[in-house]
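**Q** mmCIF, C-alpha atoms and all ligand atoms, saved as model36.cif, coming up:
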```cif
data_query
loop_
_atom_site.group_PDB
_atom_site.id
_atom_site.type_symbol
_atom_site.label_atom_id
_atom_site.label_comp_id
_atom_site.auth_asym_id
_atom_site.auth_seq_id
_atom_site.Cartn_x
_atom_site.Cartn_y
_atom_site.Cartn_z
ATOM 1 C CA MET A 1 -13.915 -9.927 -12.541
ATOM 2 C CA ALA A 2 -11.600 -7.643 -14.487
ATOM 3 C CA ALA A 3 -13.060 -5.915 -17.514
ATOM 4 C CA ALA A 4 -11.331 -3.282 -19.602
ATOM 5 C CA VAL A 5 -12.570 0.302 -19.729
ATOM 6 C CA ILE A 6 -12.658 2.209 -23.002
ATOM 7 C CA LYS A 7 -9.482 4.269 -23.284
ATOM 8 C CA ASN A 8 -9.774 7.691 -24.957
ATOM 9 C CA PRO A 9 -13.485 7.569 -25.868
ATOM 10 C CA PRO A 10 -14.611 10.104 -28.507
ATOM 11 C CA VAL A 11 -15.624 13.460 -27.000
ATOM 12 C CA THR A 12 -17.521 16.415 -28.449
ATOM 13 C CA SER A 13 -18.758 19.505 -26.638
ATOM 14 C CA LYS A 14 -21.056 22.466 -27.115
ATOM 15 C CA SER A 15 -21.580 25.645 -25.140
ATOM 16 C CA LEU A 16 -24.914 26.063 -23.390
ATOM 17 C CA PHE A 17 -26.947 29.226 -22.923
ATOM 18 C CA VAL A 18 -26.165 30.642 -19.463
ATOM 19 C CA PRO A 19 -28.847 32.930 -18.014
ATOM 20 C CA HIS A 20 -28.217 34.905 -14.830
ATOM 21 C CA LEU A 21 -29.449 33.215 -11.681
ATOM 22 C CA GLU A 22 -31.681 36.258 -11.005
ATOM 23 C CA GLU A 23 -33.458 35.648 -14.307
ATOM 24 C CA LEU A 24 -33.919 31.950 -13.506
ATOM 25 C CA VAL A 25 -35.551 32.841 -10.195
ATOM 26 C CA GLY A 26 -38.249 34.685 -12.157
ATOM 27 C CA VAL A 27 -38.661 31.996 -14.824
ATOM 28 C CA LEU A 28 -38.969 29.134 -12.339
ATOM 29 C CA SER A 29 -41.059 31.010 -9.759
ATOM 30 C CA SER A 30 -43.773 31.617 -12.320
ATOM 31 C CA GLY A 31 -43.349 28.319 -14.228
ATOM 32 C CA LEU A 32 -43.508 25.916 -11.280
ATOM 33 C CA PHE A 33 -46.772 27.266 -9.901
ATOM 34 C CA SER A 34 -48.808 25.265 -12.391
ATOM 35 C CA ASN A 35 -47.424 22.068 -10.861
ATOM 36 C CA PHE A 36 -46.953 22.792 -7.139
ATOM 37 C CA GLU A 37 -49.061 24.655 -4.603
ATOM 38 C CA THR A 38 -46.070 26.132 -2.786
ATOM 39 C CA VAL A 39 -43.055 27.368 -4.772
ATOM 40 C CA GLU A 40 -40.070 29.254 -3.358
ATOM 41 C CA VAL A 41 -37.088 29.944 -5.612
ATOM 42 C CA GLU A 42 -34.141 32.021 -4.468
ATOM 43 C CA ILE A 43 -30.408 32.485 -4.813
ATOM 44 C CA VAL A 44 -28.550 31.222 -1.748
ATOM 45 C CA ASP A 45 -25.033 30.280 -0.678
ATOM 46 C CA CYS A 46 -24.829 26.574 -1.349
ATOM 47 C CA PRO A 47 -25.222 24.656 1.911
ATOM 48 C CA ASP A 48 -22.309 22.359 2.725
ATOM 49 C CA LEU A 49 -23.361 19.358 0.653
ATOM 50 C CA THR A 50 -20.879 17.073 2.408
ATOM 51 C CA LYS A 51 -23.149 17.264 5.467
ATOM 52 C CA GLU A 52 -26.289 15.224 6.206
ATOM 53 C CA PRO A 53 -28.628 14.609 4.585
ATOM 54 C CA PHE A 54 -26.804 15.136 1.273
ATOM 55 C CA THR A 55 -23.432 13.516 2.094
ATOM 56 C CA LEU A 56 -21.957 14.437 -1.290
ATOM 57 C CA ALA A 57 -18.227 14.228 -1.984
ATOM 58 C CA CYS A 58 -17.751 18.037 -2.195
ATOM 59 C CA GLU A 59 -19.170 21.111 -0.480
ATOM 60 C CA GLY A 60 -20.590 23.015 -3.433
ATOM 61 C CA LEU A 61 -21.474 23.005 -7.143
ATOM 62 C CA GLY A 62 -19.142 25.809 -8.228
ATOM 63 C CA GLY A 63 -16.170 26.090 -10.610
ATOM 64 C CA LYS A 64 -16.248 25.075 -14.297
ATOM 65 C CA PRO A 65 -19.816 23.687 -14.270
ATOM 66 C CA ARG A 66 -20.432 21.165 -17.063
ATOM 67 C CA LEU A 67 -22.990 18.572 -18.058
ATOM 68 C CA VAL A 68 -21.529 15.295 -19.240
ATOM 69 C CA GLU A 69 -23.428 12.553 -21.025
ATOM 70 C CA ILE A 70 -21.695 9.224 -21.545
ATOM 71 C CA GLY A 71 -23.043 6.610 -23.973
ATOM 72 C CA GLY A 72 -26.811 6.218 -23.804
ATOM 73 C CA PRO A 73 -29.775 3.841 -23.758
ATOM 74 C CA PRO A 74 -28.762 2.432 -27.206
ATOM 75 C CA TYR A 75 -25.903 0.649 -25.376
ATOM 76 C CA LEU A 76 -28.439 -1.034 -23.038
ATOM 77 C CA LEU A 77 -31.322 -1.687 -25.428
ATOM 78 C CA PRO A 78 -32.364 -3.750 -27.307
ATOM 79 C CA LEU A 79 -29.408 -5.817 -26.000
ATOM 80 C CA VAL A 80 -26.521 -4.902 -23.706
ATOM 81 C CA ARG A 81 -23.139 -3.840 -25.097
ATOM 82 C CA ARG A 82 -20.941 -5.202 -22.325
ATOM 83 C CA GLU A 83 -17.774 -3.617 -23.742
ATOM 84 C CA LYS A 84 -19.168 -0.151 -22.915
ATOM 85 C CA LEU A 85 -17.298 0.484 -19.651
ATOM 86 C CA TYR A 86 -15.818 3.843 -18.697
ATOM 87 C CA ASN A 87 -13.593 5.124 -15.936
ATOM 88 C CA LEU A 88 -15.039 8.115 -14.090
ATOM 89 C CA THR A 89 -11.528 9.212 -13.125
ATOM 90 C CA ASP A 90 -11.039 10.130 -16.837
ATOM 91 C CA ILE A 91 -13.938 12.614 -16.902
ATOM 92 C CA GLY A 92 -12.028 15.518 -15.334
ATOM 93 C CA LYS A 93 -9.259 15.185 -17.922
ATOM 94 C CA LEU A 94 -11.726 14.871 -20.812
ATOM 95 C CA THR A 95 -13.589 18.029 -19.726
ATOM 96 C CA ASP A 96 -10.650 20.075 -18.377
ATOM 97 C CA VAL A 97 -11.847 20.137 -14.755
ATOM 98 C CA GLU A 98 -9.417 19.525 -11.858
ATOM 99 C CA PRO A 99 -10.240 18.713 -9.150
ATOM 100 C CA ALA A 100 -13.358 17.072 -10.581
ATOM 101 C CA PHE A 101 -16.513 16.649 -8.514
ATOM 102 C CA LEU A 102 -18.913 14.295 -10.281
ATOM 103 C CA ILE A 103 -22.546 13.690 -9.349
ATOM 104 C CA GLY A 104 -25.243 12.044 -11.400
ATOM 105 C CA ALA A 105 -27.157 9.068 -12.698
ATOM 106 C CA GLY A 106 -25.739 6.116 -14.581
ATOM 107 C CA ALA A 107 -25.518 2.379 -15.026
ATOM 108 C CA GLY A 108 -23.245 0.817 -12.424
ATOM 109 C CA PRO A 109 -20.131 -1.314 -12.866
ATOM 110 C CA TRP A 110 -21.650 -4.753 -13.489
ATOM 111 C CA PRO A 111 -18.225 -6.491 -13.407
ATOM 112 C CA TYR A 112 -17.894 -5.305 -9.770
ATOM 113 C CA ALA A 113 -21.517 -5.882 -8.747
ATOM 114 C CA GLY A 114 -21.763 -9.185 -10.597
ATOM 115 C CA VAL A 115 -25.038 -7.954 -12.027
ATOM 116 C CA ASN A 116 -26.514 -4.982 -13.878
ATOM 117 C CA CYS A 117 -27.247 -2.111 -11.471
ATOM 118 C CA GLU A 118 -28.155 1.545 -10.986
ATOM 119 C CA MET A 119 -25.452 4.028 -10.045
ATOM 120 C CA MET A 120 -25.664 7.198 -7.954
ATOM 121 C CA ILE A 121 -22.411 8.824 -9.020
ATOM 122 C CA ASN A 122 -20.902 10.897 -6.203
ATOM 123 C CA LEU A 123 -17.139 11.278 -6.104
ATOM 124 C CA GLU A 124 -14.237 13.702 -6.189
ATOM 125 C CA VAL A 125 -11.057 13.083 -8.185
ATOM 126 C CA LYS A 126 -8.241 15.333 -6.994
ATOM 127 C CA GLY A 127 -4.636 14.900 -8.070
ATOM 128 C CA GLY A 128 -5.435 11.333 -9.080
ATOM 129 C CA LYS A 129 -6.846 10.563 -5.623
ATOM 130 C CA VAL A 130 -10.451 9.387 -5.381
ATOM 131 C CA ASN A 131 -12.924 10.264 -2.646
ATOM 132 C CA ASN A 132 -15.823 7.986 -3.531
ATOM 133 C CA HIS A 133 -19.300 8.262 -2.035
ATOM 134 C CA THR A 134 -20.950 6.551 -5.005
ATOM 135 C CA ARG A 135 -23.692 4.027 -4.380
ATOM 136 C CA ILE A 136 -25.165 1.304 -6.543
ATOM 137 C CA SER A 137 -28.553 -0.349 -6.228
ATOM 138 C CA LYS A 138 -29.480 -3.746 -7.542
ATOM 139 C CA VAL A 139 -32.392 -6.153 -7.398
ATOM 140 C CA ASN A 140 -32.165 -8.961 -4.850
ATOM 141 C CA ALA A 141 -32.540 -12.026 -7.092
ATOM 142 C CA VAL A 142 -34.228 -14.018 -4.303
ATOM 143 C CA ASP A 143 -37.011 -11.727 -3.095
ATOM 144 C CA GLY A 144 -36.948 -8.831 -5.595
ATOM 145 C CA SER A 145 -36.085 -6.237 -2.936
ATOM 146 C CA CYS A 146 -33.716 -3.350 -3.586
ATOM 147 C CA VAL A 147 -30.130 -3.616 -2.321
ATOM 148 C CA LEU A 148 -28.111 -0.406 -1.897
ATOM 149 C CA ASP A 149 -24.307 -0.611 -1.611
ATOM 150 C CA CYS A 150 -21.450 1.897 -1.321
ATOM 151 C CA LEU A 151 -18.537 1.604 -3.752
ATOM 152 C CA PRO A 152 -14.949 1.605 -2.492
ATOM 153 C CA ASP A 153 -12.491 4.328 -3.626
ATOM 154 C CA THR A 154 -10.900 1.734 -5.934
ATOM 155 C CA GLU A 155 -14.089 1.106 -7.987
ATOM 156 C CA THR A 156 -14.635 4.061 -10.327
ATOM 157 C CA ARG A 157 -16.121 2.447 -13.424
ATOM 158 C CA CYS A 158 -19.551 3.107 -14.879
ATOM 159 C CA ALA A 159 -21.217 1.190 -17.694
ATOM 160 C CA LEU A 160 -23.311 1.928 -20.787
ATOM 161 C CA LEU A 161 -24.751 5.345 -19.959
ATOM 162 C CA ALA A 162 -24.481 8.223 -17.514
ATOM 163 C CA ASN A 163 -25.619 11.806 -17.040
ATOM 164 C CA ILE A 164 -23.177 13.667 -14.835
ATOM 165 C CA PHE A 165 -22.813 17.166 -13.457
ATOM 166 C CA CYS A 166 -19.107 17.957 -13.249
ATOM 167 C CA SER A 167 -17.553 20.938 -11.450
ATOM 168 C CA GLU A 168 -14.687 21.816 -9.122
ATOM 169 C CA GLY A 169 -17.067 21.352 -6.185
ATOM 170 C CA LYS A 170 -16.496 24.837 -4.797
ATOM 171 C CA PRO A 171 -18.879 26.722 -2.502
ATOM 172 C CA GLY A 172 -20.811 29.606 -4.068
ATOM 173 C CA LYS A 173 -24.217 30.910 -5.091
ATOM 174 C CA VAL A 174 -26.785 28.377 -6.258
ATOM 175 C CA LEU A 175 -30.492 28.241 -7.020
ATOM 176 C CA GLN A 176 -32.562 26.913 -4.155
ATOM 177 C CA VAL A 177 -35.901 25.499 -5.334
ATOM 178 C CA ILE A 178 -38.487 24.528 -2.732
ATOM 179 C CA CYS A 179 -41.769 22.948 -3.873
ATOM 180 C CA LYS A 180 -44.557 21.492 -1.777
ATOM 181 C CA LYS A 181 -47.826 19.714 -2.590
ATOM 182 C CA ARG A 182 -47.955 18.669 -6.229
ATOM 183 C CA ILE A 183 -51.095 19.741 -8.051
ATOM 184 C CA GLY A 184 -49.973 19.024 -11.641
ATOM 185 C CA GLU A 185 -48.893 15.974 -13.630
ATOM 186 C CA ASP A 186 -45.158 16.606 -13.854
ATOM 187 C CA ASP A 187 -42.429 15.365 -11.562
ATOM 188 C CA PHE A 188 -40.118 17.908 -9.876
ATOM 189 C CA ILE A 189 -37.432 17.790 -12.577
ATOM 190 C CA SER A 190 -39.833 17.764 -15.549
ATOM 191 C CA SER A 191 -41.592 20.806 -14.181
ATOM 192 C CA ILE A 192 -38.276 22.681 -13.915
ATOM 193 C CA ARG A 193 -37.210 21.534 -17.384
ATOM 194 C CA LYS A 194 -40.537 22.443 -19.000
ATOM 195 C CA SER A 195 -40.542 25.872 -17.323
ATOM 196 C CA LEU A 196 -37.108 26.541 -18.804
ATOM 197 C CA GLN A 197 -38.116 25.157 -22.202
ATOM 198 C CA ALA A 198 -41.227 27.360 -22.346
ATOM 199 C CA HIS A 199 -39.127 30.462 -21.713
ATOM 200 C CA TYR A 200 -35.840 29.755 -23.524
ATOM 201 C CA LYS A 201 -37.291 27.817 -26.511
ATOM 202 C CA GLU A 202 -34.450 26.438 -28.669
ATOM 203 C CA LYS A 203 -31.699 27.893 -26.444
ATOM 204 C CA ALA A 204 -30.353 25.001 -24.370
ATOM 205 C CA VAL A 205 -30.086 25.742 -20.633
ATOM 206 C CA GLY A 206 -28.463 22.991 -18.581
ATOM 207 C CA LEU A 207 -28.786 22.570 -14.830
ATOM 208 C CA GLY A 208 -27.044 20.145 -12.531
ATOM 209 C CA GLY A 209 -27.218 19.513 -8.836
ATOM 210 C CA THR A 210 -29.105 17.720 -6.148
ATOM 211 C CA PHE A 211 -32.521 17.631 -4.559
ATOM 212 C CA LEU A 212 -33.952 16.156 -1.423
ATOM 213 C CA LEU A 213 -37.351 14.462 -1.403
ATOM 214 C CA LYS A 214 -38.021 15.599 2.146
ATOM 215 C CA GLN A 215 -41.468 14.152 2.623
ATOM 216 C CA GLY A 216 -43.550 11.591 0.771
ATOM 217 C CA LYS A 217 -42.559 8.685 -1.432
ATOM 218 C CA ALA A 218 -41.283 8.293 -4.978
ATOM 219 C CA LYS A 219 -41.715 5.837 -7.822
ATOM 220 C CA GLN A 220 -38.227 4.641 -8.669
ATOM 221 C CA HIS A 221 -36.893 1.787 -10.737
ATOM 222 C CA VAL A 222 -33.896 -0.493 -10.428
ATOM 223 C CA MET A 223 -32.628 -2.429 -13.426
ATOM 224 C CA PRO A 224 -32.394 -6.200 -12.940
ATOM 225 C CA GLU A 225 -29.803 -8.383 -14.695
ATOM 226 C CA PHE A 226 -29.470 -7.684 -18.441
ATOM 227 C CA SER A 227 -32.268 -9.084 -20.543
ATOM 228 C CA VAL A 228 -31.323 -12.063 -22.697
ATOM 229 C CA SER A 229 -34.149 -11.324 -25.119
ATOM 230 C CA PRO A 230 -34.128 -8.032 -27.056
ATOM 231 C CA ILE A 231 -36.173 -5.175 -25.537
ATOM 232 C CA THR A 232 -37.680 -3.164 -28.367
ATOM 233 C CA THR A 233 -40.827 -1.508 -26.969
ATOM 234 C CA ASP A 234 -41.782 0.644 -23.970
ATOM 235 C CA LYS A 235 -44.056 -2.162 -22.807
ATOM 236 C CA GLU A 236 -41.222 -4.695 -22.786
ATOM 237 C CA LEU A 237 -39.006 -2.191 -20.998
ATOM 238 C CA GLU A 238 -41.621 -1.554 -18.269
ATOM 239 C CA LYS A 239 -42.005 -5.299 -17.789
ATOM 240 C CA TRP A 240 -38.239 -5.789 -17.462
ATOM 241 C CA LEU A 241 -37.579 -2.953 -14.978
ATOM 242 C CA HIS A 242 -38.351 -3.363 -11.280
ATOM 243 C CA PHE A 243 -40.434 -0.508 -9.856
ATOM 244 C CA TYR A 244 -40.540 0.493 -6.180
ATOM 245 C CA ASN A 245 -42.312 3.039 -4.009
ATOM 246 C CA MET A 246 -39.349 4.426 -2.049
ATOM 247 C CA SER A 247 -39.600 6.569 1.097
ATOM 248 C CA ALA A 248 -38.244 9.988 1.974
ATOM 249 C CA PRO A 249 -35.712 11.186 2.717
ATOM 250 C CA LEU A 250 -34.232 10.491 -0.719
ATOM 251 C CA ILE A 251 -31.190 12.374 -2.018
ATOM 252 C CA ALA A 252 -31.244 12.731 -5.806
ATOM 253 C CA ILE A 253 -28.364 13.770 -8.086
ATOM 254 C CA GLY A 254 -28.297 14.418 -11.795
ATOM 255 C CA THR A 255 -28.795 16.780 -14.708
ATOM 256 C CA LEU A 256 -31.454 18.364 -16.893
ATOM 257 C CA THR A 257 -31.383 20.290 -20.173
ATOM 258 C CA SER A 258 -34.147 22.481 -21.584
ATOM 259 C CA ALA A 259 -33.298 21.642 -25.215
ATOM 260 C CA ASP A 260 -30.962 19.347 -27.131
ATOM 261 C CA PRO A 261 -28.219 21.247 -28.979
ATOM 262 C CA GLY A 262 -27.859 18.378 -31.462
ATOM 263 C CA LEU A 263 -26.004 15.847 -29.292
ATOM 264 C CA ASP A 264 -28.781 13.257 -28.901
ATOM 265 C CA LEU A 265 -29.072 14.061 -25.194
ATOM 266 C CA ARG A 266 -31.211 12.545 -22.480
ATOM 267 C CA LEU A 267 -33.015 15.680 -21.282
ATOM 268 C CA GLN A 268 -33.313 14.718 -17.632
ATOM 269 C CA HIS A 269 -31.875 11.974 -15.497
ATOM 270 C CA PHE A 270 -31.746 11.822 -11.707
ATOM 271 C CA HIS A 271 -30.986 8.883 -9.432
ATOM 272 C CA SER A 272 -31.510 9.007 -5.718
ATOM 273 C CA PHE A 273 -30.083 7.212 -2.714
ATOM 274 C CA SER A 274 -30.985 7.185 0.943
ATOM 275 C CA HIS A 275 -29.512 6.393 4.329
ATOM 276 C CA HIS A 276 -32.110 3.663 4.858
ATOM 277 C CA GLY A 277 -31.192 1.160 2.131
ATOM 278 C CA GLU A 278 -33.258 2.392 -0.811
ATOM 279 C CA GLY A 279 -32.062 3.923 -4.066
ATOM 280 C CA GLY A 280 -32.856 3.996 -7.771
ATOM 281 C CA HIS A 281 -33.903 5.952 -10.844
ATOM 282 C CA TYR A 282 -36.300 8.770 -9.956
ATOM 283 C CA HIS A 283 -39.604 8.949 -11.877
ATOM 284 C CA ILE A 284 -42.100 10.902 -9.745
ATOM 285 C CA ASP A 285 -43.380 11.383 -6.188
ATOM 286 C CA THR A 286 -46.378 9.221 -5.304
ATOM 287 C CA GLU A 287 -47.918 11.117 -2.371
ATOM 288 C CA PRO A 288 -48.533 14.490 -4.049
ATOM 289 C CA ASP A 289 -50.565 15.964 -1.160
ATOM 290 C CA ILE A 290 -47.684 15.784 1.298
ATOM 291 C CA VAL A 291 -44.652 15.868 -0.992
ATOM 292 C CA GLU A 292 -41.862 18.344 -0.222
ATOM 293 C CA TYR A 293 -38.783 18.995 -2.322
ATOM 294 C CA VAL A 294 -35.746 21.160 -1.727
ATOM 295 C CA GLY A 295 -33.249 21.372 -4.569
ATOM 296 C CA TYR A 296 -29.883 23.060 -5.164
ATOM 297 C CA PHE A 297 -28.894 23.628 -8.780
ATOM 298 C CA THR A 298 -26.431 25.588 -10.819
ATOM 299 C CA VAL A 299 -26.171 26.470 -14.502
ATOM 300 C CA ALA A 300 -23.741 24.538 -16.689
ATOM 301 C CA GLU A 301 -21.603 26.390 -19.242
ATOM 302 C CA TYR A 302 -20.914 23.437 -21.543
ATOM 303 C CA VAL A 303 -22.220 19.998 -22.330
ATOM 304 C CA TYR A 304 -19.706 17.258 -23.118
ATOM 305 C CA ARG A 305 -20.805 14.199 -25.084
ATOM 306 C CA ILE A 306 -18.647 11.125 -24.549
ATOM 307 C CA ASP A 307 -18.896 8.059 -26.818
ATOM 308 C CA GLN A 308 -22.181 9.168 -28.374
ATOM 309 C CA PRO A 309 -24.041 6.203 -29.925
ATOM 310 C CA THR A 310 -24.174 6.469 -33.722
ATOM 311 C CA ASP A 311 -27.034 4.015 -34.039
ATOM 312 C CA THR A 312 -29.637 5.621 -31.795
ATOM 313 C CA HIS A 313 -33.298 5.322 -30.726
ATOM 314 C CA LEU A 314 -35.682 7.013 -28.285
ATOM 315 C CA LEU A 315 -36.434 4.022 -26.072
ATOM 316 C CA GLY A 316 -35.652 4.206 -22.345
ATOM 317 C CA ARG A 317 -35.200 7.953 -21.887
ATOM 318 C CA ASP A 318 -37.833 8.513 -19.151
HETATM 319 ZN ZN ZN B 1 -31.463 6.015 -14.649
#
```
As structure tokens, how would this structure be written, given the file I've shared?
**A**
Amino acid sequence: MAAAVIKNPPVTSKSLFVPHLEELVGVLSSGLFSNFETVEVEIVDCPDLTKEPFTLACEGLGGKPRLVEIGGPPYLLPLVRREKLYNLTDIGKLTDVEPAFLIGAGAGPWPYAGVNCEMMINLEVKGGKVNNHTRISKVNAVDGSCVLDCLPDTETRCALLANIFCSEGKPGKVLQVICKKRIGEDDFISSIRKSLQAHYKEKAVGLGGTFLLKQGKAKQHVMPEFSVSPITTDKELEKWLHFYNMSAPLIAIGTLTSADPGLDLRLQHFHSFSHHGEGGHYHIDTEPDIVEYVGYFTVAEYVYRIDQPTDTHLLGRD
């Protein structure tokens, strides 16, 4: 089913506050202790992320690091805006990054999948050539199970909304964040975001990257086919989404921001995939006593806002 992507969507950008990695080690080391029993934060050479378990499209997170937010929940809720389709191969041009390594969380190309779906964006666009490791997950209409698929190099569309970390994918120094045994209420990403927010206040610090849920399970959702009746409350949204308890190892990719610099941003959004058929939108680990995370993040210099909804709301940002 052919469906047209939006050509030349409106783009705005803002610079983000960029602390030194050394400073972030201090901020996160002290901040994360309220939520996890074991916390180890250090600066390391980024491991080769093309290798197992990560299997990302590029080796590292370095070179022109940017956060990119496309569209938003207002294009999904209360009712879907099917015309909101974007080509991920345009993102490098729109943000002045070439080659462009894109990882993150979005809504998948429903014209390809035949149904609404989650998207784990993971591709490199280099000289117009696409190296696509993106996956989508959808709900099996017969038994409600989760179905995880890989996208071919030729399918590079996303729909409605996406939060993407974009860089040249070069090796280099990154933040390694290891947390074990959750003792607080916050998920891994919220605890990082809140630690940054407590320290940097109104200064917006943006991180992008990947983390591995090494041990334990996670509550994740997969969107089913678009709702035909309007979804206007959190309760209706919860009822519509399909929730799963997915098993480690899960590889998550996405972005977080400590504050919104006036672009109506989603402050955190990670999707994860696996090599055992599960994947979806990450909420929180569900076996806190045994959970283990290892994350690799870097600091973004700018945030780019593509096709920002003018008529907005706060529903569906968890
Ligand atoms: Zn999501």
**Q** Which neighbours of Ala248 (chain A) fall inside 6 Å, counting all atoms listed in the file, when residues of the same chain fewer than 5 positions from it are skipped, and could you give them as a short mmCIF file (atom, residue, chain, number, x, y, z; two decimals) with C-alpha atoms, keeping the file's coordinate frame?
**A**
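The resulting around-v7.cif:
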```
data_model
loop_
_atom_site.label_atom_id
_atom_site.label_comp_id
_atom_site.auth_asym_id
_atom_site.auth_seq_id
_atom_site.Cartn_x
_atom_site.Cartn_y
_atom_site.Cartn_z
CA LEU A 213 -37.35 14.46 -1.40
CA LYS A 214 -38.02 15.60 2.15
CA GLN A 215 -41.47 14.15 2.62
CA GLY A 216 -43.55 11.59 0.77
CA LYS A 217 -42.56 8.68 -1.43
#
```
**Q** Could the residues of chain A that have an atom at most 12 Å from ligand ZN 1 (chain B) be listed as CSV, each with its closest atom pair and the distance in Å to one decimal, counting all atoms listed in the file and ordered by chain and ascending residue number?
**A**
```
residue,atom,partner,partner_atom,distance
A:Gly72,CA,B:ZN1,ZN,10.3
A:Pro73,CA,B:ZN1,ZN,9.5
A:Leu76,CA,B:ZN1,ZN,11.4
A:Gly104,CA,B:ZN1,ZN,9.3
A:Ala105,CA,B:ZN1,ZN,5.6
A:Gly106,CA,B:ZN1,ZN,5.7
A:Ala107,CA,B:ZN1,ZN,7.0
A:Gly108,CA,B:ZN1,ZN,10.0
A:Cys117,CA,B:ZN1,ZN,9.7
A:Glu118,CA,B:ZN1,ZN,6.7
A:Met119,CA,B:ZN1,ZN,7.8
A:Met120,CA,B:ZN1,ZN,8.9
A:Ile121,CA,B:ZN1,ZN,11.0
A:Ile136,CA,B:ZN1,ZN,11.3
A:Ser137,CA,B:ZN1,ZN,10.9
A:Ala159,CA,B:ZN1,ZN,11.7
A:Leu160,CA,B:ZN1,ZN,11.0
A:Leu161,CA,B:ZN1,ZN,8.6
A:Ala162,CA,B:ZN1,ZN,7.9
A:Asn163,CA,B:ZN1,ZN,8.6
A:Ile164,CA,B:ZN1,ZN,11.3
A:Gln220,CA,B:ZN1,ZN,9.1
A:His221,CA,B:ZN1,ZN,7.9
A:Val222,CA,B:ZN1,ZN,8.1
A:Met223,CA,B:ZN1,ZN,8.6
A:Leu241,CA,B:ZN1,ZN,10.9
A:Ala252,CA,B:ZN1,ZN,11.1
A:Ile253,CA,B:ZN1,ZN,10.6
A:Gly254,CA,B:ZN1,ZN,9.4
A:Thr255,CA,B:ZN1,ZN,11.1
A:Arg266,CA,B:ZN1,ZN,10.2
A:Leu267,CA,B:ZN1,ZN,11.8
A:Gln268,CA,B:ZN1,ZN,9.4
A:His269,CA,B:ZN1,ZN,6.0
A:Phe270,CA,B:ZN1,ZN,6.5
A:His271,CA,B:ZN1,ZN,6.0
A:Ser272,CA,B:ZN1,ZN,9.4
A:Gly279,CA,B:ZN1,ZN,10.8
A:Gly280,CA,B:ZN1,ZN,7.3
A:His281,CA,B:ZN1,ZN,4.5
A:Tyr282,CA,B:ZN1,ZN,7.3
A:His283,CA,B:ZN1,ZN,9.1
A:Gly316,CA,B:ZN1,ZN,8.9
A:Arg317,CA,B:ZN1,ZN,8.4
A:Asp318,CA,B:ZN1,ZN,8.2
```
**Q** Any idea what's packed within 8 Å of region 82-84 of chain A, counting only C-alpha atoms, ignoring anything in its chain fewer than 4 positions away? Could you give it as a VMD selection string?
**A** chain A and resid 4 to 6 71 75 159 to 160
**Q** Name the residues captured by the PyMOL selection byres (((chain A and resi 284) around 10) and not hetatm) when it is applied to the shown file; answer as a ChimeraX atom specification.
**A** /A:185-190,217-220,245,281-283,285-288
**Q** Quick one: residues within 7 Å of Leu56 (chain A), all atoms listed in the file, excluding same-chain residues fewer than 6 positions away - as a list of chain:residue names?
**A**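 Counting only the stated atoms, we get A:Leu49, A:Thr50, A:Asn122, A:His133.
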**Q** Which distance in Å separates CA of Tyr86 (chain A) and CA of Pro261 (chain A), to one decimal?
**A**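 We find that CA of Tyr86 (chain A) and CA of Pro261 (chain A) lie 23.7 Å from each other.
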**Q** Can you turn the PyMOL selection byres (((chain A and resi 171-175) around 6) and not hetatm) into a concrete residue list for this file, as a PyMOL selection string?
**A** chain A and resi 42-46+59-60+62+170+176+296-298
**Q** Do you know which residues the PyMOL selection byres (((chain A and resi 96) around 12) and not hetatm) returns on this file, as a PyMOL selection string?
**A** chain A and resi 11+13+63-66+68+90-95+97-101+166-168+302+304
**Q** Of the candidates A:Ile103, A:Asn116, A:Thr12, A:Leu237, which one gets nearest to Asp264 (chain A) if we count all atoms listed in the file?
**A**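 Comparing A:Ile103, A:Asn116, A:Thr12, A:Leu237 against Asp264 (chain A), the winner is A:Thr12.
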**Q** In Å to one decimal, how far is CA of Glu69 (chain A) from CA of Tyr244 (chain A)?
**A** 25.7 Å
**Q** Might I get the box with edges along x, y and z of the file that holds all atoms of region 217-227 of chain A listed there, padded by 4 Å on every side, given as centre and edge lengths in Å to one decimal, as AutoDock Vina command-line options?
**A**
```
--center_x -36.0 --center_y -0.2 --center_z -11.0 --size_x 21.1 --size_y 25.8 --size_z 27.1
```
**Q** Which one of A:Cys146, A:Glu301, A:Ala113, A:Leu16 sits closest to Ser258 (chain A) if you count all atoms listed in the file?
**A**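 Looking only at the distances to Ser258 (chain A), the closest residue turns out to be A:Leu16.
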**Q** Kindly indicate which residue among A:Glu22, A:Pro152, A:Thr232, A:Gly31 lies nearest to His313 (chain A), using only C-alpha atoms for the distances.
**A**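 Distance minimum relative to His313 (chain A) lands on A:Thr232.
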**Q** Which polymer residues, whether protein, DNA or RNA, lie within 10 Å of the coordinate (-36.0, 22.8, -27.6) when you count only C-alpha atoms? List them as a list of chain:residue names, using the chain letters and numbers from the file.
**A**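 Output: A:Lys194, A:Leu196, A:Gln197, A:Ala198, A:Tyr200, A:Lys201, A:Glu202, A:Lys203, A:Ala204, A:Val205, A:Thr257, A:Ser258, A:Ala259, A:Asp260, A:Pro261, A:Leu267.
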**Q** Grab the residues selected above and save them as a short mmCIF file (atom, residue, chain, number, x, y, z; two decimals), in the coordinates of the input with C-alpha atoms.
**A**
```cif
data_model
loop_
_atom_site.label_atom_id
_atom_site.label_comp_id
_atom_site.auth_asym_id
_atom_site.auth_seq_id
_atom_site.Cartn_x
_atom_site.Cartn_y
_atom_site.Cartn_z
CA LYS A 194 -40.54 22.44 -19.00
CA LEU A 196 -37.11 26.54 -18.80
CA GLN A 197 -38.12 25.16 -22.20
CA ALA A 198 -41.23 27.36 -22.35
CA TYR A 200 -35.84 29.76 -23.52
CA LYS A 201 -37.29 27.82 -26.51
CA GLU A 202 -34.45 26.44 -28.67
CA LYS A 203 -31.70 27.89 -26.44
CA ALA A 204 -30.35 25.00 -24.37
CA VAL A 205 -30.09 25.74 -20.63
CA THR A 257 -31.38 20.29 -20.17
CA SER A 258 -34.15 22.48 -21.58
CA ALA A 259 -33.30 21.64 -25.22
CA ASP A 260 -30.96 19.35 -27.13
CA PRO A 261 -28.22 21.25 -28.98
CA LEU A 267 -33.02 15.68 -21.28
#
```
